[in-house]
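Participant: For reference, this is data_20.txt, and it has compact mmCIF, C-alpha atoms and all ligand atoms.
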# COMPACT_ATOMS: atom_id res chain seq x y z
CA MET O 477 6.30 -17.58 1.21
CA ILE O 478 3.54 -18.63 -1.14
CA THR O 479 0.22 -19.80 0.25
CA ILE O 480 -2.88 -20.92 -1.53
CA ASP O 481 -5.93 -19.86 0.38
CA GLY O 482 -9.08 -21.05 -1.29
CA ASP O 483 -9.18 -19.20 -4.61
CA LYS O 484 -6.35 -16.82 -3.66
CA VAL O 485 -2.61 -17.09 -4.20
CA VAL O 486 -0.77 -15.07 -1.54
CA VAL O 487 2.92 -14.15 -1.74
CA SER O 488 4.51 -12.65 1.36
CA ASP O 489 8.13 -12.00 2.32
CA ILE O 490 10.03 -11.35 5.55
CA ASP O 491 9.92 -7.58 4.97
CA GLY O 492 6.17 -7.70 5.29
CA ARG O 493 5.46 -7.24 1.58
CA ARG O 494 2.36 -9.08 0.51
CA GLU O 495 0.72 -9.73 -2.86
CA GLU O 496 -2.63 -11.40 -3.25
CA HIS O 497 -3.98 -12.62 -6.56
CA HIS O 498 -7.17 -14.42 -7.46
CA ILE O 499 -6.39 -17.89 -8.84
CA GLY O 500 -7.96 -16.89 -12.16
CA THR O 501 -5.49 -14.10 -12.94
CA PRO O 502 -2.36 -14.21 -15.12
CA GLU O 503 -0.35 -13.14 -12.05
CA ALA O 504 -1.49 -16.19 -10.04
CA PHE O 505 -0.89 -18.42 -13.06
CA SER O 506 2.65 -17.06 -13.38
CA ILE O 507 3.47 -17.65 -9.69
CA LEU O 508 2.05 -21.18 -9.73
CA SER O 509 3.80 -21.97 -13.03
CA ARG O 510 7.15 -20.98 -11.57
CA LEU O 511 6.52 -23.26 -8.60
CA TRP O 512 5.37 -26.06 -10.90
CA LEU O 513 8.53 -25.70 -13.02
CA ARG O 514 10.68 -25.94 -9.90
CA ALA O 515 8.75 -29.02 -8.67
CA GLY O 516 9.14 -30.49 -12.15
CA TRP O 517 12.88 -29.90 -12.04
CA ASP O 518 13.22 -31.68 -8.70
CA THR O 519 11.08 -34.62 -9.80
CA LYS O 520 12.64 -34.86 -13.28
CA TYR O 521 9.21 -34.44 -14.88
CA VAL O 522 10.74 -33.73 -18.30
CA TYR O 523 12.34 -37.18 -18.22
CA SER O 524 8.98 -38.87 -18.60
CA PHE O 525 7.97 -38.41 -22.24
CA THR O 526 8.53 -40.04 -25.59
CA TRP O 527 7.82 -38.89 -29.13
CA MET O 528 6.82 -41.72 -31.46
CA GLY O 529 8.73 -44.24 -29.40
CA ARG O 530 11.89 -42.31 -28.49
CA PRO O 531 12.51 -40.56 -25.14
CA ILE O 532 12.41 -36.77 -25.54
CA ILE O 533 13.79 -34.68 -22.71
CA GLN O 534 11.58 -31.62 -23.05
CA LEU O 535 8.71 -29.88 -21.33
CA PRO O 536 5.55 -30.64 -23.36
CA GLU O 537 4.67 -26.92 -23.38
CA ASP O 538 7.97 -26.26 -25.15
CA MET O 539 7.34 -29.05 -27.67
CA VAL O 540 3.99 -27.54 -28.62
CA ARG O 541 5.62 -24.15 -29.03
CA LEU O 542 8.39 -25.63 -31.17
CA GLN O 543 5.77 -27.25 -33.38
CA GLU O 544 4.21 -23.80 -33.84
CA VAL O 545 7.56 -22.27 -34.75
CA ILE O 546 8.47 -25.06 -37.18
CA HIS O 547 5.06 -24.73 -38.82
CA LEU O 548 5.47 -20.94 -38.98
CA THR O 549 8.99 -20.94 -40.42
CA LYS O 550 8.69 -24.06 -42.62
CA PRO O 551 12.41 -24.79 -42.66
CA ASP O 552 14.24 -26.79 -45.30
CA VAL O 553 16.78 -27.82 -42.68
CA ILE O 554 16.44 -28.23 -38.91
CA ILE O 555 19.82 -28.42 -37.17
CA GLU O 556 19.82 -29.78 -33.62
CA THR O 557 22.76 -30.07 -31.23
CA GLY O 558 22.19 -32.63 -28.45
CA VAL O 559 20.60 -35.87 -29.63
CA ALA O 560 20.57 -38.07 -26.47
CA HIS O 561 17.88 -40.75 -27.09
CA GLY O 562 16.79 -39.10 -30.34
CA GLY O 563 13.29 -38.00 -29.31
CA SER O 564 13.76 -34.39 -30.37
CA LEU O 565 15.11 -35.49 -33.76
CA ILE O 566 12.12 -37.78 -34.28
CA PHE O 567 9.82 -34.92 -33.18
CA SER O 568 11.28 -32.59 -35.83
CA ALA O 569 11.33 -35.35 -38.44
CA SER O 570 7.66 -36.13 -37.79
CA LEU O 571 6.79 -32.49 -38.50
CA CYS O 572 8.90 -32.54 -41.69
CA LYS O 573 6.97 -35.59 -42.85
CA ALA O 574 3.62 -34.03 -41.93
CA MET O 575 4.50 -30.78 -43.74
CA ASP O 576 6.08 -32.65 -46.64
CA LYS O 577 9.05 -30.32 -46.23
CA GLY O 578 12.41 -30.35 -44.48
CA ARG O 579 15.07 -32.60 -43.07
CA VAL O 580 16.93 -32.81 -39.77
CA ILE O 581 20.63 -32.83 -38.91
CA GLY O 582 21.43 -34.04 -35.38
CA ILE O 583 24.81 -33.60 -33.71
CA ASP O 584 25.96 -35.22 -30.46
CA ILE O 585 29.39 -35.73 -28.92
CA GLU O 586 28.39 -39.29 -28.10
CA ILE O 587 25.62 -41.22 -29.79
CA ARG O 588 25.37 -44.37 -27.73
CA PRO O 589 25.10 -47.57 -29.80
CA HIS O 590 21.60 -48.49 -28.52
CA ASN O 591 20.34 -44.96 -29.27
CA ARG O 592 21.95 -44.94 -32.71
CA LYS O 593 20.38 -48.32 -33.48
CA ALA O 594 16.92 -47.16 -32.38
CA ILE O 595 17.17 -43.89 -34.32
CA GLU O 596 18.51 -45.55 -37.47
CA SER O 597 15.78 -48.17 -37.43
CA HIS O 598 12.98 -45.64 -36.83
CA PRO O 599 10.53 -45.14 -39.76
CA LEU O 600 11.39 -41.42 -39.74
CA PHE O 601 15.15 -41.96 -40.07
CA PRO O 602 15.06 -41.10 -43.82
CA PHE O 603 14.53 -37.49 -42.71
CA ILE O 604 17.55 -37.52 -40.35
CA THR O 605 21.33 -37.21 -40.67
CA LEU O 606 23.37 -38.05 -37.56
CA ILE O 607 26.77 -36.48 -36.94
CA GLU O 608 28.87 -37.67 -34.00
CA GLY O 609 31.33 -35.17 -32.51
CA SER O 610 31.39 -31.99 -30.47
CA SER O 611 29.03 -29.40 -31.90
CA VAL O 612 31.82 -26.79 -31.75
CA ASP O 613 34.50 -28.97 -33.34
CA LEU O 614 35.57 -27.18 -36.52
CA ALA O 615 35.29 -30.36 -38.61
CA VAL O 616 31.74 -30.96 -37.32
CA VAL O 617 30.70 -27.38 -38.04
CA ALA O 618 32.18 -27.69 -41.55
CA GLU O 619 30.31 -30.97 -42.10
CA VAL O 620 27.02 -29.38 -41.08
CA LYS O 621 27.64 -26.35 -43.30
CA ALA O 622 28.48 -28.63 -46.24
CA GLN O 623 25.05 -30.25 -45.90
CA VAL O 624 23.12 -26.99 -46.18
CA LYS O 625 22.57 -25.73 -49.71
CA ASN O 626 22.62 -22.05 -50.66
CA GLY O 627 19.25 -20.40 -50.10
CA GLU O 628 17.84 -23.15 -47.88
CA ARG O 629 15.73 -21.99 -44.96
CA VAL O 630 17.40 -23.05 -41.71
CA ILE O 631 16.30 -23.18 -38.06
CA ILE O 632 18.65 -24.30 -35.28
CA PHE O 633 18.05 -25.78 -31.82
CA LEU O 634 20.92 -25.79 -29.31
CA ASP O 635 20.39 -28.48 -26.67
CA SER O 636 23.84 -29.96 -26.05
CA CYS O 637 26.24 -28.74 -23.35
CA HIS O 638 24.50 -25.83 -21.60
CA SER O 639 27.50 -23.90 -20.27
CA LYS O 640 27.55 -20.24 -21.29
CA GLU O 641 30.90 -20.72 -23.02
CA HIS O 642 29.73 -23.70 -25.07
CA VAL O 643 26.44 -22.09 -26.11
CA ALA O 644 28.31 -18.89 -27.02
CA ALA O 645 30.64 -20.97 -29.23
CA GLU O 646 27.66 -22.75 -30.82
CA LEU O 647 25.96 -19.41 -31.50
CA LYS O 648 29.11 -18.10 -33.16
CA ALA O 649 29.51 -21.24 -35.26
CA TYR O 650 25.91 -21.82 -36.36
CA ALA O 651 24.13 -18.45 -36.32
CA PRO O 652 25.47 -17.54 -39.79
CA LEU O 653 23.41 -20.45 -41.16
CA VAL O 654 20.11 -19.13 -39.78
CA SER O 655 17.78 -17.61 -42.38
CA VAL O 656 16.33 -14.12 -41.97
CA GLY O 657 13.02 -14.46 -40.09
CA SER O 658 14.06 -17.80 -38.65
CA TYR O 659 15.50 -18.64 -35.22
CA ILE O 660 18.40 -20.16 -33.35
CA VAL O 661 17.00 -21.43 -30.07
CA ALA O 662 19.30 -21.56 -27.03
CA MET O 663 17.43 -24.07 -24.88
CA ASP O 664 17.35 -24.63 -21.11
CA GLY O 665 17.86 -21.15 -19.67
CA ILE O 666 15.66 -22.55 -16.84
CA MET O 667 19.03 -23.37 -15.18
CA GLU O 668 19.13 -19.82 -13.85
CA GLN O 669 15.81 -20.28 -12.01
CA VAL O 670 16.56 -23.59 -10.29
CA VAL O 671 19.90 -22.85 -8.63
CA GLY O 672 19.91 -24.46 -5.17
CA ALA O 673 17.84 -27.46 -6.29
CA SER O 674 19.34 -30.91 -6.70
CA ARG O 675 21.48 -31.49 -9.85
CA THR O 676 22.38 -27.75 -10.07
CA GLN O 677 25.55 -25.71 -9.61
CA PRO O 678 25.87 -22.33 -7.86
CA ASP O 679 27.36 -20.72 -11.00
CA TRP O 680 24.20 -21.47 -13.01
CA THR O 681 23.01 -17.97 -12.03
CA TRP O 682 25.24 -16.71 -14.88
CA ASN O 683 26.69 -19.83 -16.48
CA ASN O 684 23.72 -20.75 -18.63
CA PRO O 685 22.34 -20.55 -22.21
CA LYS O 686 20.19 -17.49 -21.48
CA GLN O 687 23.27 -15.41 -20.63
CA ALA O 688 24.99 -16.64 -23.79
CA ALA O 689 21.91 -15.61 -25.81
CA LEU O 690 21.70 -12.15 -24.22
CA GLU O 691 25.40 -11.48 -24.83
CA PHE O 692 25.14 -12.79 -28.40
CA VAL O 693 22.33 -10.42 -29.38
CA ALA O 694 24.03 -7.50 -27.64
CA ALA O 695 27.05 -8.03 -29.90
CA ASN O 696 25.22 -9.03 -33.12
CA LYS O 697 22.79 -6.48 -34.51
CA ASP O 698 21.38 -8.95 -37.06
CA PHE O 699 19.73 -10.88 -34.22
CA ILE O 700 17.18 -10.08 -31.53
CA ILE O 701 15.62 -12.13 -28.77
CA GLU O 702 11.98 -12.34 -29.72
CA GLU O 703 9.47 -14.82 -28.43
CA PRO O 704 7.50 -16.16 -31.42
CA PRO O 705 3.95 -14.79 -31.39
CA PHE O 706 1.19 -16.99 -29.98
CA ALA O 707 -0.36 -18.71 -32.99
CA PHE O 708 -3.70 -18.83 -31.17
CA ASN O 709 -4.82 -17.30 -27.90
CA GLU O 710 -8.37 -16.89 -26.64
CA GLY O 711 -7.22 -16.81 -23.02
CA SER O 712 -5.59 -14.22 -20.78
CA ILE O 713 -2.13 -15.80 -20.53
CA THR O 714 0.47 -14.04 -22.67
CA GLU O 715 3.67 -15.54 -21.26
CA ARG O 716 4.69 -19.12 -21.90
CA VAL O 717 5.44 -21.71 -19.26
CA THR O 718 8.88 -22.74 -20.42
CA TYR O 719 12.30 -24.22 -19.78
CA TRP O 720 13.61 -21.77 -22.39
CA PRO O 721 13.48 -18.16 -21.15
CA SER O 722 15.06 -15.65 -23.57
CA ALA O 723 15.88 -18.55 -25.90
CA PHE O 724 14.42 -17.55 -29.26
CA ILE O 725 17.10 -15.62 -31.14
CA LYS O 726 15.56 -14.32 -34.35
CA ARG O 727 17.57 -13.24 -37.37
CA VAL O 728 16.17 -9.90 -38.49
CA ARG O 729 18.56 -8.97 -41.33
C1 LIG O 801 19.75 -32.59 -22.92
S1 LIG O 801 20.47 -33.84 -23.90
C2 LIG O 801 19.65 -33.61 -25.43
C3 LIG O 801 18.20 -33.92 -25.36
C4 LIG O 801 17.50 -34.02 -26.69
N1 LIG O 801 17.63 -32.82 -27.49
C5 LIG O 801 16.03 -34.27 -26.44
O1 LIG O 801 15.23 -33.33 -26.55
O2 LIG O 801 15.68 -35.38 -26.10
C6 LIG O 801 22.08 -33.24 -24.15
C7 LIG O 801 22.96 -34.02 -25.11
O3 LIG O 801 24.05 -33.16 -25.46
C8 LIG O 801 25.17 -33.96 -25.70
N2 LIG O 801 26.39 -33.13 -25.62
C9 LIG O 801 27.08 -32.71 -24.53
N3 LIG O 801 28.15 -32.00 -24.89
C10 LIG O 801 28.13 -31.92 -26.25
C11 LIG O 801 28.97 -31.31 -27.21
N4 LIG O 801 30.06 -30.65 -26.86
N5 LIG O 801 28.64 -31.42 -28.51
C12 LIG O 801 27.54 -32.13 -28.90
N6 LIG O 801 26.72 -32.74 -28.02
C13 LIG O 801 27.01 -32.64 -26.71
C14 LIG O 801 25.09 -35.06 -24.66
O4 LIG O 801 25.82 -36.20 -25.10
C15 LIG O 801 23.59 -35.29 -24.56
O5 LIG O 801 23.20 -36.38 -25.36
Would you write the structure of this file as structure tokens?
Facilitator:
Amino acid sequence: MITIDGDKVVVSDIDGRREEHHIGTPEAFSILSRLWLRAGWDTKYVYSFTWMGRPIIQLPEDMVRLQEVIHLTKPDVIIETGVAHGGSLIFSASLCKAMDKGRVIGIDIEIRPHNRKAIESHPLFPFITLIEGSSVDLAVVAEVKAQVKNGERVIIFLDSCHSKEHVAAELKAYAPLVSVGSYIVAMDGIMEQVVGASRTQPDWTWNNPKQAALEFVAANKDFIIEEPPFAFNEGSITERVTYWPSAFIKRVR
């Protein structure tokens, strides 16, 4: 049980174990953040944002982090699986425009006509290529690879089907494109933490992108899971509030 008693956060369990943390500590922040993430899952908080006019289904904390990583890695090509309403593509494209560098390739198994129309008529569409098809379809993978030139710096965001099997197949297909020092990000490992809530499945304890990422790095020595460093931090929090635990797979050689 978690209780908030004035400026204290108290965690107690049925075995009589008890932790007490002042509200101003990283430990209290971590406990409250976990609760907040769970409340956000149940209330569909991440379904309440847009980026330059298009719905983006992301936690704002994660968007800020992604901006830091894109600015740090300065990719020539950003490959994203999972387009939905296009908000994440527009987000990446807006950073490409601001940095005067990069373009975006978006892949989705189904780009609904109204979403396609809105994306194609967006002022940032010149930075975007849309590919419709399953991200693990061999023809789609070949089409993406054909669009990346030798030596281009590539970063990849996986936000399509979040089953372990699908993410593992995406990692196998796309990781060879990732540049050394850049990342392939297996998004939405939060699934593991919200099992039991509405819109979840019992097998999400293992059937999730985080497990796919962990197994991928265990089998591929060129990659490690490494959270990008904080670009700025004058506070005491050193762990991010995120929907993407163990998501940042960095190519090290
Ligand atoms: C969570 S949404 C993407 C959200 C988007 N990245 C954003 O931030 O707004 C997931 C998308 O993945 C797509 N999808 C599901 N299975 C897929 C597959 N096998 N290949 C490509 N896209 C797939 C769905 O059609 C859906 O649009």
Participant: Taking 5 positions as the minimum chain separation for residues in the same chain, which residues sit within 6 Å of O:Glu608 when counting only C-alpha atoms? Answer as a list in words.
Facilitator: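 With the cut-off at 6 Å, the set is Ile583, Asp584 and Ile585 of chain O.
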Participant: Give me a file of those residues, with C-alpha atoms, as a PDB file, in the frame of the given file.
Facilitator:
ATOM      1  CA  ILE O 583      24.810 -33.600 -33.710  1.00  0.00           C
ATOM      2  CA  ASP O 584      25.960 -35.220 -30.460  1.00  0.00           C
ATOM      3  CA  ILE O 585      29.390 -35.730 -28.920  1.00  0.00           C
TER       4      ILE O 585
END
Participant: Grab me every residue within 6 Å of ligand LIG 801 (chain O), counting all atoms listed in the file, and send it over as a ChimeraX atom specification.
Facilitator: /O:532-534,557-564,583-586,610-611,635-637
Participant: Which one of O:His638, O:Thr714, O:Arg530, O:Ile478 sits closest to O:Lys593 if you count only C-alpha atoms?
Facilitator: O:Arg530
Participant: Which one of O:Val671, O:Val717, O:Ala695, O:Ile604 sits closest to O:Lys648 if you count all atoms listed in the file?
Facilitator: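 Comparing O:Val671, O:Val717, O:Ala695, O:Ile604 against O:Lys648, the winner is O:Ala695.
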Participant: Name the residues in contact with O:Ala673 at a cut-off of 12 Å, using all atoms listed in the file, excluding same-chain residues fewer than 5 positions from it; report them as a count of residues only.
Facilitator: 13
Participant: Of the candidates O:Ile713, O:Thr526, O:Arg727, O:Asp679, which one gets nearest to O:Lys697 if we count only C-alpha atoms?
Facilitator: O:Arg727
Participant: One number please: atom CA of O:Ser712 to atom CA of O:Asp481, in Å, one decimal.
Facilitator: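 Straight-line distance from atom CA of O:Ser712 to atom CA of O:Asp481 works out to 21.9 Å.
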Participant: I'd like the contact shell of stretch 495-502 of chain O - 12 Å cut-off, only C-alpha atoms, skipping same-chain residues fewer than 3 positions apart - returned as a short mmCIF file (atom, residue, chain, number, x, y, z; two decimals) with C-alpha atoms, keeping the file's coordinate frame.
Facilitator:
data_model
loop_
_atom_site.label_atom_id
_atom_site.label_comp_id
_atom_site.auth_asym_id
_atom_site.auth_seq_id
_atom_site.Cartn_x
_atom_site.Cartn_y
_atom_site.Cartn_z
CA MET O 477 6.30 -17.58 1.21
CA ILE O 478 3.54 -18.63 -1.14
CA THR O 479 0.22 -19.80 0.25
CA ILE O 480 -2.88 -20.92 -1.53
CA ASP O 481 -5.93 -19.86 0.38
CA GLY O 482 -9.08 -21.05 -1.29
CA ASP O 483 -9.18 -19.20 -4.61
CA LYS O 484 -6.35 -16.82 -3.66
CA VAL O 485 -2.61 -17.09 -4.20
CA VAL O 486 -0.77 -15.07 -1.54
CA VAL O 487 2.92 -14.15 -1.74
CA SER O 488 4.51 -12.65 1.36
CA ASP O 489 8.13 -12.00 2.32
CA GLY O 492 6.17 -7.70 5.29
CA PHE O 505 -0.89 -18.42 -13.06
CA SER O 506 2.65 -17.06 -13.38
CA ILE O 507 3.47 -17.65 -9.69
CA LEU O 508 2.05 -21.18 -9.73
CA SER O 509 3.80 -21.97 -13.03
CA GLY O 711 -7.22 -16.81 -23.02
CA SER O 712 -5.59 -14.22 -20.78
CA ILE O 713 -2.13 -15.80 -20.53
CA THR O 714 0.47 -14.04 -22.67
CA GLU O 715 3.67 -15.54 -21.26
CA ARG O 716 4.69 -19.12 -21.90
CA VAL O 717 5.44 -21.71 -19.26
#
Participant: Quick one, how far is atom CA of O:Val540 from atom CA of O:Val616?
Facilitator: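 Atom-to-atom, atom CA of O:Val540 and atom CA of O:Val616 are spaced 29.3 Å apart.
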Participant: In terms of the shortest atom-to-atom distance over only C-alpha atoms, which of O:Leu606, O:Val670, O:Ala645, O:Ala707 is closest to O:Arg541?
Facilitator: O:Ala707
